[in-house]
Structure formats: C-alpha cells, structure tokens
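Enquirer: What follows is a structure written as structure tokens; I'll ask about it next.
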Amino acid sequence: MTGAAQVMTSVELEVEATSGKDVGEITNETLESVHAGACAAPSGLGADLERRKRGIELLSELLRRRSREKLSCVREDQRIWRDDLKKRSRQRQRLAKKERIAQQQLKLGNPPGGHGVELGTKNRPCNRKVGWSVQEEIPEETGKEWRKYEQDKCRKVLLTFGAGEWNRIQGCLLEEHKQLVHGVNDIRNLTYTFLVALRENQEKQQEAKAPKKEGGGGGRQPVQSKEDAFLAGKIAEFESEGAKRILDLTNEWPKIDKLGLSWLRKLRLLDLIRDAALMGRDEERRQEFDDAMATISESSPPVDWWSIAADKALLLGVYKHGYGSFDKIREDPEYASAFTPDERNIEENLRKKEQFRHKPGCNCVSCAHPRNK
C-alpha cells in the first residue's frame with residue numbers, strides 16, 4: 001500500500017470513527033486532523049459517498065468554530081478599543097471642566113483651586129465614591145461635587161418636603177444612597193442654586209412673552225406674581241444666611257424650561273404648608289390655626305364624609321410625610337381616625353350642599369366651575 005493510500009485510509013478511518021456522534025460533541029483536535037488529512041490526501045475524503053457527506057459535515061463544523069473564535073477575538077478588540085476611547089474622553093472632559101471652573105472663579109474674583117474640605121475622618125477615610133452611613137457623622141459642609149443622580153434625587157426630595165427641611169432631605173438622600181458625602185450646607189447651597197436657576201428661567205419666560213414695543217417707549221411694569229415674590233424673598237433669605245451658588249454642576253437642571261413654573265408653585269405651596277403646620281404645633285398660636293382651618297369648611301368638601309379634622313390631618317400629614325405621601329398619611333396612627341367616614345359629617349356636608357345649591361353668588365366648586373366655563 002502506497003503512502004498516499006495510507007493517508008487516505010487514515011482519513012476515512014477518522015471519519016468512520018465519528019459516525020453516529022453529534023457534530024457538536026466532536027473535539028477540535030479530531031476536526032483539525034480530518035481537515036489536515038483531507039488536504040494531504042490526493043482523493044480528499046475518499047470515494048465513498050456516505051463518508052464524503054460525513055466529512056463535509058465535519059469540515060463545516062470546523063469552519064463554524066473557527067469563525068466563532070475569530071468573531072469573539074474581533075469583539076474583544078472592539079471592547080478594548082471602546083474602553084480606551086471612553087477613558088480618553090473622560091480625561092478630556094475633566095480637563096475641560098477644570099478649565100471652565102477656573103475661568104468662572106477668575107470672573108468672580110476668586111483664585112483658582114479646589115473647593116470644600118477633604119472628606120473623611122481620622123479613623124475612617126472617605127473618597128468620592130464612599131461617604132458616611134450615619135447622618136450625625138456627616139460634616140455640615142464638604143464641598144464635594146454633586147453627581148447627576150444625587151442632584152436629581154435632591155431636587156425630587158426638595159419638591160417633597162420644601163426648602164428649609166435640610167435634615168429631613170439629608171435623611172432621605174442617605175436612605176436612598178446608603179452612603180452620603182453632602183452635608184446640610186451643601187444641600188442648602190444646591191437649593192439656592194436651584195432657586196437662582198428658577199429665577200433666571202422665570203425672567204427668560206417673561207421676556208419671551210413680553211410684547212416688543214416700537215420706539216422704545218417705557219410701558220407699564222408687569223405686576224409681580226405671587227411665585228416671583230416668593231422666589232425673590234427666598235433667594236434674599238438664602239443670601240443673608242451665606243448660601244453659595246454652585247458653579248460646577250454636571251447636570252444643569254433638565255426640563256426646567258417646561259417644568260420650572262410648576263416646581264416653583266410646589267415650593268411655594270410647601271412653604272405655606274410648613275408655616276401652617278408649625279403654627280398648628282405651636283401652643284400659643286393653636287387658636288389662630290383652628291380659626292384659619294374653620295374657614296375652609298365653608299367650601300365644598302372633596303367627599304361627603306370630609307371634615308375639618310381631615311383638613312388638619314392632611315395638612316399636618318403632608319408636612320410630616322411629604323407631598324404626595326397620602327398612603328403614609330392614612331396609615332399613620334396619628335391621623336388615621338380623621339380619615340374614617342362619619343355619618344354626622346356626611347349629613348352636615350349634604351346639608352351644606354343643599355343650602356348652597358343654585359344659590360346666586362355661590363362660590364363652591366360645583367357651582368363656580370360651570371359658571372366659569
């Protein structure tokens with residue numbers, strides 16, 4: 001038997017040995033051996049039709065495995081290239097940010113350099129990714145950078161409790177992120193920055209709505225709205241307390257052009273709720289609070305069983321649990337009894353509705369709404 005016949009016979013034997021097996025279970029060494037033998041043999045996979053079909057299946061499986069391996073190598077190279085590109089991009093962004101901050105500080109007359117203090121304590125150091133897990137250990141001011149998710153969460157909590165509730169806002173942020181690197185003064189500075197951004201947005205909106213007069217004649221000054229007056233008073237209050245505007249925010253308040261006015265109205269509402277709740281908790285001003293709440297009973301109630309006690313519980317509950325936390329207010333044992341329907345309240349509210357129904361000049365919701373239409 002010649003050498004060529006021996007090579008061909010060995011290939012046929014290897015192909016024959018794989019018959020009855022699943023192609024995916026055959027090792028790469030066997031497939032490579034079949035491929036090398038088929039390339040070396042003059043007749044390739046031999047003359048037998050069944051063996052040739054089996055050999056083609058084996059070579060197809062080898063080609064598929066080689067393609068998969070090559071594709072995985074290409075993907076790994078692409079991943080390394082993308083990671084390197086992201087790293088260089090972040091480096092450029094950090095350098096550009098440092099230059100921008102330095103220019104802003106020079107415009108304000110401050111020397112360029114770092115801001116704030118180093119985080120951490122003697123026994124427990126702290127960096128940008130690790131903060132304090134106990135609220136009492138957090139310094140009042142750290143000066144650390146506000147990240148995007150921290151800034152967005154602080155805005156949401158601020159619109160839940162209102163300005164001035166710094167410890168409660170800090171507690172909510174700590175509960176959300178488990179560790180926190182911002183003190184109460186940092187939260188106050190961020191709130192002040194938010195209010196300034198709201199004022200700038202209000203001015204921009206008013207300039208866009210103001211009609212342009214020809215000849216440059218001075219028209220009548222627009223009347224200051226309640227929201228603008230509240231905003232001006234709050235900003236002046238923060239400035240008197242020494243609040244500082246944060247210049248290096250990574251996220252410049254998205255959607256403020258569309259939602260700025262609603263945010264401002266909610267802050268004003270929360271401020272009024274806070275003043276009323278503090279009045280209700282003060283023993284000396286309790287009677288004044290009760291008299292003010294009694295005037296609400298003259299309006300149309302939201303449901304038939306509503307009462308003055310429910311109004312008080314709702315107001316104090318919003319101050320305690322935050323705006324929108326109505327489930328927590330109803331489940332609070334301190335206010336749960338006020339939201340229990342009472343037959344006496346139902347009869348009283350029905351009597352009031354019957355008394356004011358279709359009466360000229362009625363200001364209840366059911367009568368005033370169709371009239372305003």
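A note on labels: chains of the structure tokens are A, B, ... as shown, every chain counts residues from 1, and ligands are counted from 1 in their shown order.
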Please provide as a list in words all residues within 9 Å of Leu159 (chain A), with the sequence filter that same-chain residues fewer than 2 positions apart are discarded (counting only C-alpha atoms).
Expert: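 The contact residues come out as Cys154, Arg155, Lys156, Val157, Phe161, Gly162, Ala163, Trp263, Lys266, Leu267, Leu270, Gly322 and Tyr323 of chain A.
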Enquirer: Using C-alpha atoms, can you write the selected residues to a file as a JSON list (two decimals), in the first residue's frame?
Expert:
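Result saved to again07.json:
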```json
[["chain", "number", "residue", "atom", "x", "y", "z"],
["A", 154, "CYS", "CA", -32.13, 66.04, 45.92],
["A", 155, "ARG", "CA", -34.44, 68.06, 43.66],
["A", 156, "LYS", "CA", -37.18, 65.44, 44.00],
["A", 157, "VAL", "CA", -36.87, 65.32, 47.79],
["A", 161, "PHE", "CA", -40.61, 68.45, 51.82],
["A", 162, "GLY", "CA", -39.84, 72.01, 50.72],
["A", 163, "ALA", "CA", -36.95, 74.37, 51.39],
["A", 263, "TRP", "CA", -41.72, 73.41, 40.51],
["A", 266, "LYS", "CA", -44.97, 73.47, 44.51],
["A", 267, "LEU", "CA", -42.14, 75.03, 46.52],
["A", 270, "LEU", "CA", -44.86, 73.52, 50.59],
["A", 322, "GLY", "CA", -44.04, 64.86, 52.40],
["A", 323, "TYR", "CA", -46.08, 65.93, 49.41]]
```
Enquirer: Where in region 20-212 of chain A does DSSP assign strand (DSSP E or B), given as a PyMOL selection string?
Expert: chain A and resi 120+125+132+180
Enquirer: Please dump the current selection as a compact mmCIF listing (two decimals), in the first residue's frame; keep N, CA and C atoms.
Expert:
```
# COMPACT_ATOMS: atom_id res chain seq x y z
N GLY A 120 -13.94 62.59 55.05
CA GLY A 120 -13.41 61.51 55.86
C GLY A 120 -13.03 61.96 57.25
N PRO A 125 -11.34 57.04 56.50
CA PRO A 125 -11.16 57.94 55.36
C PRO A 125 -12.33 57.82 54.40
N TRP A 132 -20.52 58.73 54.27
CA TRP A 132 -20.90 58.36 55.63
C TRP A 132 -22.24 57.65 55.60
N LEU A 180 -23.57 58.89 52.05
CA LEU A 180 -23.75 60.26 51.56
C LEU A 180 -22.49 61.06 51.84
```
Enquirer: Give me the residues near Asp332 (chain A) as a list in words, where near means some atom within 12 Å (using only C-alpha atoms) and where sequence neighbours in that chain fewer than 5 positions away do not count.
Expert: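 So, after excluding close chain neighbours, the residues are Ala313, Leu314, Leu316, Gly317, Val318, Lys320, His321, Ser325, Phe326, Asp327, Ser337, Ala338 and Phe339 of chain A.
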Enquirer: Produce a file of the selected residues containing N, CA and C atoms, as a JSON list (two decimals), in the first residue's frame.
Expert:
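Generated output (selection.json):
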```
[["chain", "number", "residue", "atom", "x", "y", "z"],
["A", 313, "ALA", "N", -55.55, 67.00, 59.47],
["A", 313, "ALA", "CA", -54.71, 65.81, 59.36],
["A", 313, "ALA", "C", -53.96, 65.79, 58.02],
["A", 314, "LEU", "N", -54.64, 66.22, 56.97],
["A", 314, "LEU", "CA", -53.98, 66.26, 55.66],
["A", 314, "LEU", "C", -52.84, 67.27, 55.64],
["A", 316, "LEU", "N", -51.11, 68.58, 58.28],
["A", 316, "LEU", "CA", -50.01, 68.15, 59.15],
["A", 316, "LEU", "C", -49.33, 66.89, 58.61],
["A", 317, "GLY", "N", -50.12, 66.02, 57.97],
["A", 317, "GLY", "CA", -49.53, 64.80, 57.40],
["A", 317, "GLY", "C", -48.62, 65.09, 56.22],
["A", 318, "VAL", "N", -48.99, 66.06, 55.39],
["A", 318, "VAL", "CA", -48.11, 66.44, 54.28],
["A", 318, "VAL", "C", -46.81, 67.02, 54.81],
["A", 320, "LYS", "N", -45.43, 66.23, 57.62],
["A", 320, "LYS", "CA", -44.68, 65.17, 58.29],
["A", 320, "LYS", "C", -44.11, 64.16, 57.30],
["A", 321, "HIS", "N", -44.92, 63.72, 56.34],
["A", 321, "HIS", "CA", -44.51, 62.64, 55.44],
["A", 321, "HIS", "C", -44.12, 63.12, 54.06],
["A", 325, "SER", "N", -47.38, 61.74, 49.72],
["A", 325, "SER", "CA", -47.31, 60.51, 50.52],
["A", 325, "SER", "C", -48.65, 60.28, 51.23],
["A", 326, "PHE", "N", -49.71, 60.19, 50.45],
["A", 326, "PHE", "CA", -51.04, 60.09, 51.04],
["A", 326, "PHE", "C", -51.28, 58.73, 51.69],
["A", 327, "ASP", "N", -50.68, 57.68, 51.15],
["A", 327, "ASP", "CA", -50.83, 56.36, 51.78],
["A", 327, "ASP", "C", -50.20, 56.35, 53.18],
["A", 337, "SER", "N", -57.64, 58.28, 62.27],
["A", 337, "SER", "CA", -59.03, 58.48, 62.70],
["A", 337, "SER", "C", -59.71, 59.61, 61.95],
["A", 338, "ALA", "N", -58.94, 60.59, 61.47],
["A", 338, "ALA", "CA", -59.54, 61.73, 60.77],
["A", 338, "ALA", "C", -60.07, 61.34, 59.40],
["A", 339, "PHE", "N", -59.56, 60.24, 58.83],
["A", 339, "PHE", "CA", -59.99, 59.82, 57.50],
["A", 339, "PHE", "C", -60.99, 58.67, 57.56]]
```
Enquirer: I need the residue nearest Glu165 (chain A) from this list: A:Asp275, A:Glu203, A:Glu14, A:Asp257. Use only C-alpha atoms for the distance.
Expert: A:Asp275
Enquirer: So the first atom is CA of Arg344 (chain A) and the second is CA of Trp305 (chain A); what is the distance between them in Å, to one decimal place?
Expert: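 So the two atoms, CA of Arg344 (chain A) and CA of Trp305 (chain A), lie 8.1 Å apart.
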Enquirer: Would you list the contacts of region 223-229 of chain A as a CSV table (one decimal) with N, CA and C atoms, in the first residue's frame, taking every protein, DNA or RNA residue within 7 Å and counting only C-alpha atoms, but skipping same-chain residues closer than 6 positions in sequence?
Expert:
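Final output, saved to selection-v4.csv:
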```
chain,number,residue,atom,x,y,z
A,264,LEU,N,-41.8,75.8,40.9
A,264,LEU,CA,-41.9,77.0,41.8
A,264,LEU,C,-43.2,77.0,42.6
A,265,ARG,N,-44.3,76.7,41.9
A,265,ARG,CA,-45.6,76.7,42.6
A,265,ARG,C,-45.6,75.7,43.7
A,268,ARG,N,-43.6,76.9,46.7
A,268,ARG,CA,-44.4,78.0,47.4
A,268,ARG,C,-45.5,77.3,48.3
```
Enquirer: So which one's closest to Thr250 (chain A), A:Asp304, A:Glu57, A:Glu150, A:Asp311? Using only C-alpha atoms, please.
Expert: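 Under the stated criterion, the closest residue is A:Glu150.
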Enquirer: So, with only C-alpha atoms as the atoms that count, which of A:Glu241, A:Arg286, A:Ile256, A:Asp186 lies closest to Gln202 (chain A)?
Expert: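 Among A:Glu241, A:Arg286, A:Ile256, A:Asp186, it is A:Ile256 that comes nearest to Gln202 (chain A).
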Enquirer: Between CA of Lys234 (chain A) and CA of Leu195 (chain A), measure the distance and give it in Å to one decimal.
Expert: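 Taking CA of Lys234 (chain A) and CA of Leu195 (chain A), their separation equals 8.0 Å.
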Enquirer: Give me every helix (DSSP H, G or I) residue in region 142-217 of chain A, going by DSSP on the backbone, as a PyMOL selection string.
Expert: chain A and resi 148-161+166-177+184-209+214-216
Enquirer: Using only C-alpha atoms, can you tell me which of A:Asp84, A:Glu283, A:Asp248, A:Glu32 comes closest to Thr193 (chain A)?
Expert: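 Among A:Asp84, A:Glu283, A:Asp248, A:Glu32, it is A:Asp248 that comes nearest to Thr193 (chain A).
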